[in-house]
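Trainee: JSON, C-alpha atoms, saved as model.json, coming up:
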[["chain", "number", "residue", "atom", "x", "y", "z"],
["L", 864, "MET", "CA", 13.94, 4.08, -0.32],
["L", 865, "GLY", "CA", 12.78, 4.95, -3.82],
["L", 866, "PRO", "CA", 9.93, 7.15, -5.05],
["L", 867, "ILE", "CA", 6.66, 7.30, -3.11],
["L", 868, "GLY", "CA", 3.24, 7.73, -4.70],
["L", 869, "ALA", "CA", 0.31, 8.67, -2.46],
["L", 870, "VAL", "CA", -3.30, 7.60, -3.03],
["L", 871, "VAL", "CA", -6.08, 9.75, -1.57],
["L", 872, "VAL", "CA", -9.78, 8.92, -1.92],
["L", 873, "THR", "CA", -12.10, 11.91, -1.59],
["L", 874, "TYR", "CA", -15.83, 12.10, -0.99],
["L", 875, "ASN", "CA", -17.50, 15.43, -0.19],
["L", 876, "ALA", "CA", -14.36, 16.53, 1.64],
["L", 877, "GLY", "CA", -15.06, 20.23, 1.10],
["L", 878, "PRO", "CA", -12.72, 23.09, 0.14],
["L", 879, "GLY", "CA", -10.28, 22.31, 2.96],
["L", 880, "VAL", "CA", -9.07, 19.20, 1.15],
["L", 881, "GLY", "CA", -6.86, 21.35, -1.07],
["L", 882, "ASP", "CA", -4.67, 22.43, 1.85],
["L", 883, "ARG", "CA", -4.35, 18.85, 3.11],
["L", 884, "LEU", "CA", -3.30, 17.69, -0.35],
["L", 885, "ARG", "CA", -0.65, 20.40, -0.56],
["L", 886, "ARG", "CA", 0.78, 19.33, 2.80],
["L", 887, "LEU", "CA", 0.87, 15.73, 1.63],
["L", 888, "SER", "CA", 2.36, 16.51, -1.78],
["L", 889, "ALA", "CA", 5.34, 18.22, -0.12],
["L", 890, "GLN", "CA", 6.32, 14.86, 1.41],
["L", 891, "VAL", "CA", 5.94, 12.45, -1.54],
["L", 892, "ASP", "CA", 6.86, 12.28, -5.21],
["L", 893, "ALA", "CA", 3.32, 12.15, -6.61],
["L", 894, "VAL", "CA", -0.29, 12.18, -5.41],
["L", 895, "VAL", "CA", -3.15, 10.36, -7.11],
["L", 896, "VAL", "CA", -6.58, 11.51, -5.95],
["L", 897, "VAL", "CA", -9.61, 9.36, -6.73],
["L", 898, "ASP", "CA", -12.86, 11.25, -6.18],
["L", 899, "ASN", "CA", -16.06, 9.31, -5.60],
["L", 900, "GLY", "CA", -18.62, 11.68, -7.13],
["L", 901, "SER", "CA", -18.16, 14.55, -4.68],
["L", 902, "ASP", "CA", -20.07, 17.81, -4.43],
["L", 903, "ALA", "CA", -19.13, 20.91, -6.39],
["L", 904, "ALA", "CA", -17.06, 22.48, -3.60],
["L", 905, "THR", "CA", -14.84, 19.42, -3.35],
["L", 906, "VAL", "CA", -14.44, 19.10, -7.12],
["L", 907, "GLU", "CA", -13.46, 22.76, -7.41],
["L", 908, "ALA", "CA", -10.88, 22.33, -4.64],
["L", 909, "LEU", "CA", -9.42, 19.32, -6.45],
["L", 910, "ARG", "CA", -9.23, 21.21, -9.75],
["L", 911, "ALA", "CA", -7.42, 24.09, -8.07],
["L", 912, "ALA", "CA", -4.99, 21.77, -6.28],
["L", 913, "ALA", "CA", -4.19, 19.91, -9.50],
["L", 914, "ALA", "CA", -3.66, 23.17, -11.38],
["L", 915, "ASP", "CA", -1.18, 24.37, -8.74],
["L", 916, "ASP", "CA", 0.71, 21.09, -8.33],
["L", 917, "PRO", "CA", 2.10, 19.19, -11.34],
["L", 918, "ALA", "CA", 2.77, 16.18, -9.07],
["L", 919, "LEU", "CA", -0.97, 15.80, -8.38],
["L", 920, "ARG", "CA", -3.45, 14.11, -10.68],
["L", 921, "TRP", "CA", -7.03, 13.25, -9.95],
["L", 922, "ILE", "CA", -9.47, 10.69, -11.26],
["L", 923, "GLY", "CA", -13.16, 11.58, -11.07],
["L", 924, "ASN", "CA", -15.75, 8.84, -10.63],
["L", 925, "PRO", "CA", -19.32, 9.76, -11.54],
["L", 926, "ASP", "CA", -20.69, 8.36, -8.27],
["L", 927, "ASN", "CA", -19.64, 6.81, -4.97],
["L", 928, "ARG", "CA", -18.07, 3.48, -5.87],
["L", 929, "GLY", "CA", -16.89, 2.88, -2.33],
["L", 930, "LEU", "CA", -13.56, 3.37, -0.63],
["L", 931, "ALA", "CA", -12.21, -0.03, -1.70],
["L", 932, "ALA", "CA", -12.91, 0.39, -5.40],
["L", 933, "ALA", "CA", -11.43, 3.90, -5.40],
["L", 934, "GLN", "CA", -8.34, 2.78, -3.51],
["L", 935, "ASN", "CA", -7.87, 0.03, -6.08],
["L", 936, "GLN", "CA", -8.01, 2.62, -8.86],
["L", 937, "GLY", "CA", -5.32, 4.65, -7.12],
["L", 938, "LEU", "CA", -3.19, 1.61, -6.32],
["L", 939, "ALA", "CA", -3.30, 0.54, -9.96],
["L", 940, "ALA", "CA", -2.18, 4.00, -11.07],
["L", 941, "VAL", "CA", 0.72, 4.22, -8.59],
["L", 942, "LEU", "CA", 1.94, 0.66, -9.03],
["L", 943, "GLY", "CA", 1.59, 0.92, -12.80],
["L", 944, "ALA", "CA", 3.78, 4.03, -12.79],
["L", 945, "GLY", "CA", 6.59, 2.11, -11.10],
["L", 946, "PHE", "CA", 6.71, 3.76, -7.69],
["L", 947, "ALA", "CA", 8.63, 1.85, -5.02],
["L", 948, "TRP", "CA", 6.16, 2.65, -2.24],
["L", 949, "VAL", "CA", 2.50, 3.64, -2.02],
["L", 950, "LEU", "CA", 1.07, 5.79, 0.76],
["L", 951, "LEU", "CA", -2.66, 5.46, 1.47],
["L", 952, "MET", "CA", -4.39, 8.52, 2.91],
["L", 953, "ASP", "CA", -7.95, 9.46, 3.85],
["L", 954, "ASP", "CA", -9.20, 12.85, 2.72],
["L", 955, "ASP", "CA", -9.73, 13.99, 6.32],
["L", 956, "SER", "CA", -6.30, 12.94, 7.64],
["L", 957, "THR", "CA", -3.49, 15.45, 8.13],
["L", 958, "PRO", "CA", 0.11, 14.21, 8.29],
["L", 959, "ALA", "CA", 2.71, 15.93, 10.43],
["L", 960, "PRO", "CA", 5.24, 17.77, 8.22],
["L", 961, "ASP", "CA", 7.84, 15.04, 8.80],
["L", 962, "MET", "CA", 5.55, 11.99, 8.88],
["L", 963, "VAL", "CA", 6.83, 10.42, 5.67],
["L", 964, "ALA", "CA", 10.44, 11.28, 6.50],
["L", 965, "VAL", "CA", 10.16, 9.51, 9.85],
["L", 966, "LEU", "CA", 8.61, 6.44, 8.21],
["L", 967, "ALA", "CA", 11.40, 6.47, 5.62],
["L", 968, "ALA", "CA", 13.98, 6.63, 8.41],
["L", 969, "VAL", "CA", 12.69, 3.31, 9.77],
["L", 970, "GLU", "CA", 13.28, 1.72, 6.37],
["L", 971, "ALA", "CA", 16.72, 3.32, 6.17],
["L", 972, "ALA", "CA", 17.68, 1.99, 9.60],
["L", 973, "ARG", "CA", 16.35, -1.51, 8.92],
["L", 974, "PRO", "CA", 16.22, -1.99, 5.14],
["L", 975, "GLY", "CA", 13.64, -4.55, 4.04],
["L", 976, "ALA", "CA", 12.52, -5.40, 7.58],
["L", 977, "PHE", "CA", 8.96, -4.15, 7.18],
["L", 978, "ASP", "CA", 6.54, -4.08, 4.25],
["L", 979, "LEU", "CA", 4.03, -1.67, 5.80],
["L", 980, "LEU", "CA", 5.03, 1.30, 7.92],
["L", 981, "ALA", "CA", 2.34, 3.21, 9.79],
["L", 982, "PRO", "CA", 2.32, 6.40, 11.90],
["L", 983, "ARG", "CA", 1.15, 6.93, 15.46],
["L", 984, "LEU", "CA", -2.44, 8.20, 15.38],
["L", 985, "ARG", "CA", -4.02, 11.15, 17.10],
["L", 986, "TYR", "CA", -7.70, 12.10, 17.15],
["L", 987, "PRO", "CA", -7.35, 15.87, 17.71],
["L", 988, "ASP", "CA", -11.07, 16.64, 17.56],
["L", 989, "ILE", "CA", -11.71, 14.61, 20.70],
["L", 990, "GLY", "CA", -8.26, 14.56, 22.29],
["L", 991, "ARG", "CA", -7.76, 10.80, 22.13],
["L", 992, "VAL", "CA", -4.78, 8.65, 21.14],
["L", 993, "PRO", "CA", -5.96, 5.23, 19.93],
["L", 994, "GLY", "CA", -4.15, 2.02, 20.68],
["L", 995, "PHE", "CA", -2.92, -0.81, 18.50],
["L", 996, "VAL", "CA", -3.73, -4.48, 19.04],
["L", 997, "THR", "CA", -0.58, -6.55, 19.47],
["L", 998, "GLY", "CA", 0.17, -10.15, 20.33],
["L", 999, "LEU", "CA", -0.42, -13.63, 18.97],
["L", 1000, "GLY", "CA", -3.15, -16.20, 19.42],
["L", 1001, "TRP", "CA", -5.31, -15.54, 22.45],
["L", 1002, "ARG", "CA", -2.73, -13.30, 24.13],
["L", 1003, "VAL", "CA", -3.42, -9.85, 22.74],
["L", 1004, "ARG", "CA", -3.48, -6.41, 24.26],
["L", 1005, "LYS", "CA", -4.26, -2.90, 23.08],
["L", 1006, "ALA", "CA", -1.94, 0.00, 23.81],
["L", 1007, "PRO", "CA", -0.84, 3.25, 22.13],
["L", 1008, "ALA", "CA", 2.32, 3.23, 20.05],
["L", 1009, "PRO", "CA", 5.40, 4.62, 21.80],
["L", 1010, "ILE", "CA", 6.09, 8.30, 21.25],
["L", 1011, "GLN", "CA", 9.57, 7.30, 20.14],
["L", 1012, "GLY", "CA", 10.76, 3.99, 18.77],
["L", 1013, "VAL", "CA", 8.94, 1.34, 16.77],
["L", 1014, "LEU", "CA", 5.99, -0.87, 17.64],
["L", 1015, "GLU", "CA", 6.58, -4.09, 15.72],
["L", 1016, "ASP", "CA", 3.97, -6.47, 14.34],
["L", 1017, "PRO", "CA", 0.63, -4.99, 15.42],
["L", 1018, "VAL", "CA", -2.26, -7.23, 14.40],
["L", 1019, "PHE", "CA", -3.52, -4.53, 12.04],
["L", 1020, "VAL", "CA", -3.25, -0.82, 11.27],
["L", 1021, "ILE", "CA", -5.71, 1.57, 9.64],
["L", 1022, "ALA", "CA", -5.23, 2.32, 5.96],
["L", 1023, "SER", "CA", -4.75, 6.07, 6.31],
["L", 1024, "GLY", "CA", -1.06, 6.79, 6.73],
["L", 1025, "SER", "CA", 0.02, 3.30, 5.68],
["L", 1026, "LEU", "CA", 3.23, 3.33, 3.63],
["L", 1027, "ILE", "CA", 3.33, 0.03, 1.71],
["L", 1028, "ARG", "CA", 6.22, -1.46, -0.22],
["L", 1029, "ALA", "CA", 5.15, -1.83, -3.87],
["L", 1030, "ALA", "CA", 6.28, -5.45, -4.08],
["L", 1031, "ALA", "CA", 4.18, -6.28, -1.02],
["L", 1032, "ALA", "CA", 1.16, -4.46, -2.43],
["L", 1033, "ARG", "CA", 1.40, -6.54, -5.61],
["L", 1034, "ALA", "CA", 1.70, -9.75, -3.57],
["L", 1035, "VAL", "CA", -1.27, -8.95, -1.34],
["L", 1036, "GLY", "CA", -3.56, -7.89, -4.17],
["L", 1037, "PRO", "CA", -6.40, -5.35, -4.26],
["L", 1038, "MET", "CA", -8.69, -4.14, -1.52],
["L", 1039, "ARG", "CA", -11.90, -6.13, -0.97],
["L", 1040, "GLU", "CA", -14.47, -4.18, -2.94],
["L", 1041, "ASP", "CA", -17.40, -6.11, -1.49],
["L", 1042, "PHE", "CA", -16.53, -4.52, 1.89],
["L", 1043, "PHE", "CA", -17.12, -1.05, 0.37],
["L", 1044, "ILE", "CA", -15.56, 0.92, 3.27],
["L", 1045, "ASP", "CA", -15.22, -0.52, 6.79],
["L", 1046, "TYR", "CA", -12.71, -3.19, 7.88],
["L", 1047, "LEU", "CA", -10.85, -2.96, 4.57],
["L", 1048, "ASP", "CA", -7.64, -2.17, 6.42],
["L", 1049, "VAL", "CA", -8.05, -5.03, 8.89],
["L", 1050, "ASP", "CA", -8.54, -7.48, 6.04],
["L", 1051, "TYR", "CA", -5.59, -6.00, 4.16],
["L", 1052, "SER", "CA", -3.31, -6.22, 7.20],
["L", 1053, "PHE", "CA", -4.28, -9.85, 7.74],
["L", 1054, "ARG", "CA", -3.57, -10.72, 4.11],
["L", 1055, "LEU", "CA", -0.24, -8.91, 4.17],
["L", 1056, "ARG", "CA", 0.84, -10.83, 7.25],
["L", 1057, "ARG", "CA", -0.32, -14.10, 5.68],
["L", 1058, "ALA", "CA", 1.86, -13.30, 2.65],
["L", 1059, "GLY", "CA", 4.89, -13.01, 4.94],
["L", 1060, "GLY", "CA", 4.94, -9.23, 5.25],
["L", 1061, "ARG", "CA", 5.64, -7.39, 8.48],
["L", 1062, "ILE", "CA", 4.01, -4.25, 9.87],
["L", 1063, "ALA", "CA", 5.52, -1.60, 12.12],
["L", 1064, "VAL", "CA", 4.29, 1.64, 13.69],
["L", 1065, "ALA", "CA", 6.82, 4.47, 13.96],
["L", 1066, "GLY", "CA", 5.98, 6.38, 17.12],
["L", 1067, "ALA", "CA", 7.64, 9.62, 16.02],
["L", 1068, "ALA", "CA", 5.58, 9.73, 12.81],
["L", 1069, "VAL", "CA", 2.26, 11.42, 13.59],
["L", 1070, "LEU", "CA", -1.03, 11.44, 11.71],
["L", 1071, "ASP", "CA", -4.02, 13.49, 12.83],
["L", 1072, "HIS", "CA", -7.08, 11.47, 11.88],
["L", 1073, "ALA", "CA", -10.72, 12.61, 11.94],
["L", 1074, "LEU", "CA", -13.45, 10.33, 13.27],
["L", 1075, "GLY", "CA", -16.63, 11.90, 11.96],
["L", 1076, "ARG", "CA", -19.42, 13.03, 14.29],
["L", 1077, "GLN", "CA", -18.12, 11.85, 17.67],
["L", 1078, "SER", "CA", -19.97, 12.88, 20.82],
["L", 1079, "ALA", "CA", -19.05, 12.41, 24.48],
["L", 1080, "HIS", "CA", -21.21, 10.93, 27.25],
["L", 1081, "ARG", "CA", -20.65, 10.05, 30.89],
["L", 1082, "LEU", "CA", -21.10, 6.56, 32.32],
["L", 1083, "LEU", "CA", -20.01, 5.55, 35.84],
["L", 1084, "GLY", "CA", -17.58, 8.44, 36.02],
["L", 1085, "ARG", "CA", -15.98, 7.68, 32.65],
["L", 1086, "THR", "CA", -16.23, 9.42, 29.28],
["L", 1087, "VAL", "CA", -17.79, 7.25, 26.57],
["L", 1088, "TRP", "CA", -17.69, 8.25, 22.91],
["L", 1089, "THR", "CA", -20.35, 7.51, 20.30],
["L", 1090, "SER", "CA", -19.74, 7.58, 16.54],
["L", 1091, "ASN", "CA", -23.22, 8.65, 15.35],
["L", 1092, "HIS", "CA", -22.91, 6.84, 12.03],
["L", 1093, "THR", "CA", -25.88, 6.17, 9.78],
["L", 1094, "ALA", "CA", -27.79, 2.90, 10.07],
["L", 1095, "PHE", "CA", -26.34, 1.85, 6.70],
["L", 1096, "ARG", "CA", -22.79, 2.40, 7.94],
["L", 1097, "TYR", "CA", -23.41, 0.41, 11.12],
["L", 1098, "HIS", "CA", -24.94, -2.39, 9.04],
["L", 1099, "ALA", "CA", -21.87, -2.52, 6.79],
["L", 1100, "MET", "CA", -19.47, -2.47, 9.74],
["L", 1101, "ALA", "CA", -21.22, -5.40, 11.43],
["L", 1102, "ARG", "CA", -21.42, -7.39, 8.20],
["L", 1103, "ASN", "CA", -17.75, -6.93, 7.41],
["L", 1104, "ARG", "CA", -16.46, -7.68, 10.89],
["L", 1105, "ALA", "CA", -18.54, -10.89, 10.96],
["L", 1106, "ARG", "CA", -17.05, -11.90, 7.61],
["L", 1107, "LEU", "CA", -13.59, -11.42, 9.07],
["L", 1108, "TRP", "CA", -14.49, -13.48, 12.14],
["L", 1109, "ARG", "CA", -15.48, -16.33, 9.84],
["L", 1110, "GLY", "CA", -12.28, -16.16, 7.86],
["L", 1111, "TRP", "CA", -9.67, -15.18, 10.44],
["L", 1112, "ALA", "CA", -10.78, -16.13, 13.98],
["L", 1113, "ARG", "CA", -8.66, -19.28, 13.95],
["L", 1114, "VAL", "CA", -5.60, -17.27, 12.95],
["L", 1115, "HIS", "CA", -6.27, -14.30, 15.26],
["L", 1116, "PRO", "CA", -8.56, -15.62, 18.03],
["L", 1117, "GLY", "CA", -7.60, -12.93, 20.54],
["L", 1118, "TRP", "CA", -8.39, -10.17, 18.06],
["L", 1119, "ALA", "CA", -11.73, -11.82, 17.17],
["L", 1120, "LEU", "CA", -12.78, -12.08, 20.82],
["L", 1121, "GLN", "CA", -11.81, -8.46, 21.43],
["L", 1122, "ASP", "CA", -13.72, -7.37, 18.33],
["L", 1123, "MET", "CA", -16.83, -9.27, 19.42],
["L", 1124, "ALA", "CA", -16.69, -7.45, 22.75],
["L", 1125, "ALA", "CA", -16.29, -4.16, 20.88],
["L", 1126, "LEU", "CA", -19.43, -4.92, 18.87],
["L", 1127, "LEU", "CA", -21.46, -5.52, 22.04],
["L", 1128, "ALA", "CA", -20.18, -2.24, 23.48],
["L", 1129, "GLN", "CA", -21.10, -0.47, 20.25],
["L", 1130, "ILE", "CA", -24.67, -1.76, 20.39],
["L", 1131, "LEU", "CA", -24.97, -0.59, 23.99],
["L", 1132, "ARG", "CA", -23.67, 2.89, 23.15],
["L", 1133, "VAL", "CA", -26.04, 3.17, 20.19],
["L", 1134, "LEU", "CA", -29.05, 2.18, 22.26],
["L", 1135, "LEU", "CA", -28.19, 4.47, 25.16],
["L", 1136, "TRP", "CA", -27.18, 7.66, 23.43],
["L", 1137, "GLU", "CA", -27.62, 7.83, 19.67],
["L", 1138, "ALA", "CA", -30.63, 9.18, 17.82],
["L", 1139, "ASP", "CA", -32.70, 6.38, 16.24],
["L", 1140, "GLY", "CA", -30.77, 3.96, 18.43],
["L", 1141, "ARG", "CA", -33.21, 1.08, 18.10],
["L", 1142, "ALA", "CA", -33.20, 1.31, 14.29],
["L", 1143, "LYS", "CA", -29.40, 1.45, 14.25],
["L", 1144, "ALA", "CA", -29.11, -1.51, 16.63],
["L", 1145, "GLY", "CA", -31.45, -3.45, 14.36],
["L", 1146, "ALA", "CA", -29.25, -2.58, 11.37],
["L", 1147, "ILE", "CA", -26.20, -3.85, 13.27],
["L", 1148, "LEU", "CA", -27.88, -7.16, 14.06],
["L", 1149, "ARG", "CA", -29.03, -7.61, 10.46],
["L", 1150, "GLY", "CA", -25.52, -6.84, 9.22],
["L", 1151, "LEU", "CA", -24.08, -9.33, 11.70],
["L", 1152, "TRP", "CA", -26.48, -12.02, 10.48],
["L", 1153, "ARG", "CA", -25.67, -11.27, 6.86],
["L", 1154, "GLY", "CA", -21.95, -11.45, 7.55],
["L", 1155, "LEU", "CA", -22.13, -14.69, 9.50],
["L", 1156, "LEU", "CA", -24.06, -16.30, 6.66],
["L", 1157, "SER", "CA", -21.80, -14.64, 4.05],
["L", 1158, "LEU", "CA", -24.80, -13.27, 2.20],
["L", 1159, "PRO", "CA", -24.07, -10.74, -0.58],
["L", 1160, "ALA", "CA", -24.11, -7.10, 0.37],
["L", 1161, "ALA", "CA", -27.26, -5.10, -0.16],
["L", 1162, "ARG", "CA", -26.85, -2.50, -2.90],
["L", 1163, "PRO", "CA", -26.41, 0.93, -1.25],
["L", 1164, "ALA", "CA", -28.44, 3.95, -2.17],
["L", 1165, "ALA", "CA", -26.61, 6.31, -4.53],
["L", 1166, "ARG", "CA", -24.02, 8.57, -2.85],
["L", 1167, "SER", "CA", -25.06, 7.72, 0.72],
["L", 1168, "PRO", "CA", -22.82, 5.04, 2.26],
["L", 1169, "ALA", "CA", -19.68, 7.03, 2.91],
["L", 1170, "ALA", "CA", -21.39, 10.29, 3.71],
["L", 1171, "ASP", "CA", -20.25, 10.08, 7.33],
["L", 1172, "ALA", "CA", -16.96, 8.28, 6.73]]
What does this structure look like when you write it as structure tokens?

Mentor:
Amino acid sequence: MGPIGAVVVTYNAGPGVGDRLRRLSAQVDAVVVVDNGSDAATVEALRAAAADDPALRWIGNPDNRGLAAAQNQGLAAVLGAGFAWVLLMDDDSTPAPDMVAVLAAVEAARPGAFDLLAPRLRYPDIGRVPGFVTGLGWRVRKAPAPIQGVLEDPVFVIASGSLIRAAAARAVGPMREDFFIDYLDVDYSFRLRRAGGRIAVAGAAVLDHALGRQSAHRLLGRTVWTSNHTAFRYHAMARNRARLWRGWARVHPGWALQDMAALLAQILRVLLWEADGRAKAGAILRGLWRGLLSLPAARPAARSPAADA
């Protein structure tokens, strides 16, 4: 399928990031790390990983420019070097040893059928397997990817673990830097589909993905999980999802309705169980208002926005 270049954005990932990069490097032809002004422990781990692995290079930003801007730096480096595919990875995601090989096998079996191949996700810290939204128009549903086989044409996939054909990446264009971090992958998936690209999830390809500071609570006999993000992060999430509603609800009405319901559930969880719940709920509502009016994003405080990414 041609050479694969991986792009990893790091931000205060800690010394353990070196091991995750080594696992990833064993599966691809090159790794480009873009660091967003991390702490000393992370920088030292990146230096050591680059010294041990000639296929790894890293770009150091002086401060946190946001996930989107850093991903665009990495995409430019990989696409400029002529790689046939680009693999996006978060710094806290761990691929199974054969993840890339399984994704490549889908391309080998159906050459050119898909422009973005994604793995099945696991959240090992909390023992959950997330679902993917599928369907067209108002008729959508959410279900996990099959353990074997291929889930075709999900509405969107997360960026981490996404293996993107270089030609498709050039056609879609860069990540939306005004989004900074959240809903970048939803927007990217929508734009890829609009450009005629297809997405597939390979069930046998597995990616363990971290979700930050999750905590469990009980409600009516069921376990409910809270994310415990900062107020800034919740504000950005609400703003970005509202911007996507404005731009894409007519194309993906079922997804938009489901996402609106998810926002209401998020507000309820924040109010019931999270520290500073009222302040966070207020930040969500202000972000929603800003997104619905398409107001420019507030400038984040230095180094803070992705601290709990």

Trainee: Report, in Å to a single decimal, how far apart CA of Arg1113 (chain L) and CA of Ser1090 (chain L) are.

Mentor: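 It comes out at 29.2 Å.
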
Trainee: Which polymer residues have any atom within 9 Å of an atom of Met864 (chain L), counting only C-alpha atoms, with same-chain residues fewer than 5 positions away left out, as a list in words?

Mentor: Ala947, Trp948, Ala967, Glu970, Ala971 and Pro974 of chain L

Trainee: With a distance cut-off of 12 Å and only C-alpha atoms, select the neighbouring residues of Gly1117 (chain L), excluding the residue or stretch itself and same-chain residues fewer than 4 positions from it, and output the selection as a tab-separated table (two decimals) with C-alpha atoms, in the frame of the given file.

Mentor:
chain	number	residue	atom	x	y	z
L	996	VAL	CA	-3.73	-4.48	19.04
L	997	THR	CA	-0.58	-6.55	19.47
L	998	GLY	CA	0.17	-10.15	20.33
L	999	LEU	CA	-0.42	-13.63	18.97
L	1000	GLY	CA	-3.15	-16.20	19.42
L	1001	TRP	CA	-5.31	-15.54	22.45
L	1002	ARG	CA	-2.73	-13.30	24.13
L	1003	VAL	CA	-3.42	-9.85	22.74
L	1004	ARG	CA	-3.48	-6.41	24.26
L	1005	LYS	CA	-4.26	-2.90	23.08
L	1018	VAL	CA	-2.26	-7.23	14.40
L	1108	TRP	CA	-14.49	-13.48	12.14
L	1111	TRP	CA	-9.67	-15.18	10.44
L	1112	ALA	CA	-10.78	-16.13	13.98
L	1113	ARG	CA	-8.66	-19.28	13.95
L	1121	GLN	CA	-11.81	-8.46	21.43
L	1122	ASP	CA	-13.72	-7.37	18.33
L	1123	MET	CA	-16.83	-9.27	19.42
L	1124	ALA	CA	-16.69	-7.45	22.75

Trainee: Rounded to one decimal place, report the CA of Leu909 (chain L)-CA of Val897 (chain L) distance in Å.

Mentor: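 Between CA of Leu909 (chain L) and CA of Val897 (chain L) the gap works out to 10.0 Å.
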
Trainee: Nearest to Val906 (chain L): which of L:Ala1008, L:Val992, L:Val880, L:Ala1073 is it, counting only C-alpha atoms?

Mentor: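 Checking each of L:Ala1008, L:Val992, L:Val880, L:Ala1073 against Val906 (chain L), counting only C-alpha atoms, the winner is L:Val880.
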
Trainee: I'd like the interatomic distance between CA of Arg883 (chain L) and CA of Phe995 (chain L), to a tenth of an Å.

Mentor: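 These two atoms are separated by 25.0 Å.
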
Trainee: Go through L:Arg910, L:Arg1153, L:Arg928, L:Arg1061 one by one, measure the shortest atom-to-atom distance of each to Glu1040 (chain L) using only C-alpha atoms, and give the residue with the smallest value.

Mentor: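 Smallest distance to Glu1040 (chain L) is found for L:Arg928.
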
Trainee: Missing atoms in region 999-1010 of chain L: can you complete it with N, CA, C and O atoms, as a JSON list (two decimals), in the coordinates of the input?

Mentor:
[["chain", "number", "residue", "atom", "x", "y", "z"],
["L", 999, "LEU", "N", -0.11, -12.48, 19.79],
["L", 999, "LEU", "CA", -0.42, -13.63, 18.97],
["L", 999, "LEU", "C", -1.44, -14.52, 19.66],
["L", 999, "LEU", "O", -1.51, -14.55, 20.89],
["L", 1000, "GLY", "N", -2.19, -15.25, 18.86],
["L", 1000, "GLY", "CA", -3.15, -16.20, 19.42],
["L", 1000, "GLY", "C", -4.17, -15.52, 20.31],
["L", 1000, "GLY", "O", -4.77, -14.51, 19.95],
["L", 1001, "TRP", "N", -4.36, -16.10, 21.50],
["L", 1001, "TRP", "CA", -5.31, -15.54, 22.45],
["L", 1001, "TRP", "C", -4.72, -14.40, 23.26],
["L", 1001, "TRP", "O", -5.46, -13.65, 23.89],
["L", 1002, "ARG", "N", -3.39, -14.28, 23.27],
["L", 1002, "ARG", "CA", -2.73, -13.30, 24.13],
["L", 1002, "ARG", "C", -2.52, -12.00, 23.36],
["L", 1002, "ARG", "O", -1.50, -11.81, 22.71],
["L", 1003, "VAL", "N", -3.51, -11.15, 23.40],
["L", 1003, "VAL", "CA", -3.42, -9.85, 22.74],
["L", 1003, "VAL", "C", -3.69, -8.75, 23.75],
["L", 1003, "VAL", "O", -4.33, -8.97, 24.78],
["L", 1004, "ARG", "N", -3.19, -7.58, 23.44],
["L", 1004, "ARG", "CA", -3.48, -6.41, 24.26],
["L", 1004, "ARG", "C", -3.56, -5.20, 23.34],
["L", 1004, "ARG", "O", -3.13, -5.25, 22.18],
["L", 1005, "LYS", "N", -4.11, -4.13, 23.86],
["L", 1005, "LYS", "CA", -4.26, -2.90, 23.08],
["L", 1005, "LYS", "C", -3.60, -1.77, 23.84],
["L", 1005, "LYS", "O", -3.92, -1.51, 25.01],
["L", 1006, "ALA", "N", -2.66, -1.09, 23.18],
["L", 1006, "ALA", "CA", -1.94, 0.00, 23.81],
["L", 1006, "ALA", "C", -1.49, 0.99, 22.74],
["L", 1006, "ALA", "O", -1.29, 0.62, 21.58],
["L", 1007, "PRO", "N", -1.33, 2.27, 23.10],
["L", 1007, "PRO", "CA", -0.84, 3.25, 22.13],
["L", 1007, "PRO", "C", 0.59, 2.93, 21.69],
["L", 1007, "PRO", "O", 1.34, 2.27, 22.41],
["L", 1008, "ALA", "N", 0.94, 3.38, 20.52],
["L", 1008, "ALA", "CA", 2.32, 3.23, 20.05],
["L", 1008, "ALA", "C", 3.22, 4.13, 20.88],
["L", 1008, "ALA", "O", 2.79, 5.16, 21.39],
["L", 1009, "PRO", "N", 4.48, 3.76, 21.05],
["L", 1009, "PRO", "CA", 5.40, 4.62, 21.80],
["L", 1009, "PRO", "C", 5.61, 5.95, 21.08],
["L", 1009, "PRO", "O", 5.56, 6.02, 19.85],
["L", 1010, "ILE", "N", 5.85, 6.99, 21.87],
["L", 1010, "ILE", "CA", 6.09, 8.30, 21.25],
["L", 1010, "ILE", "C", 7.37, 8.28, 20.44],
["L", 1010, "ILE", "O", 7.48, 8.93, 19.40]]
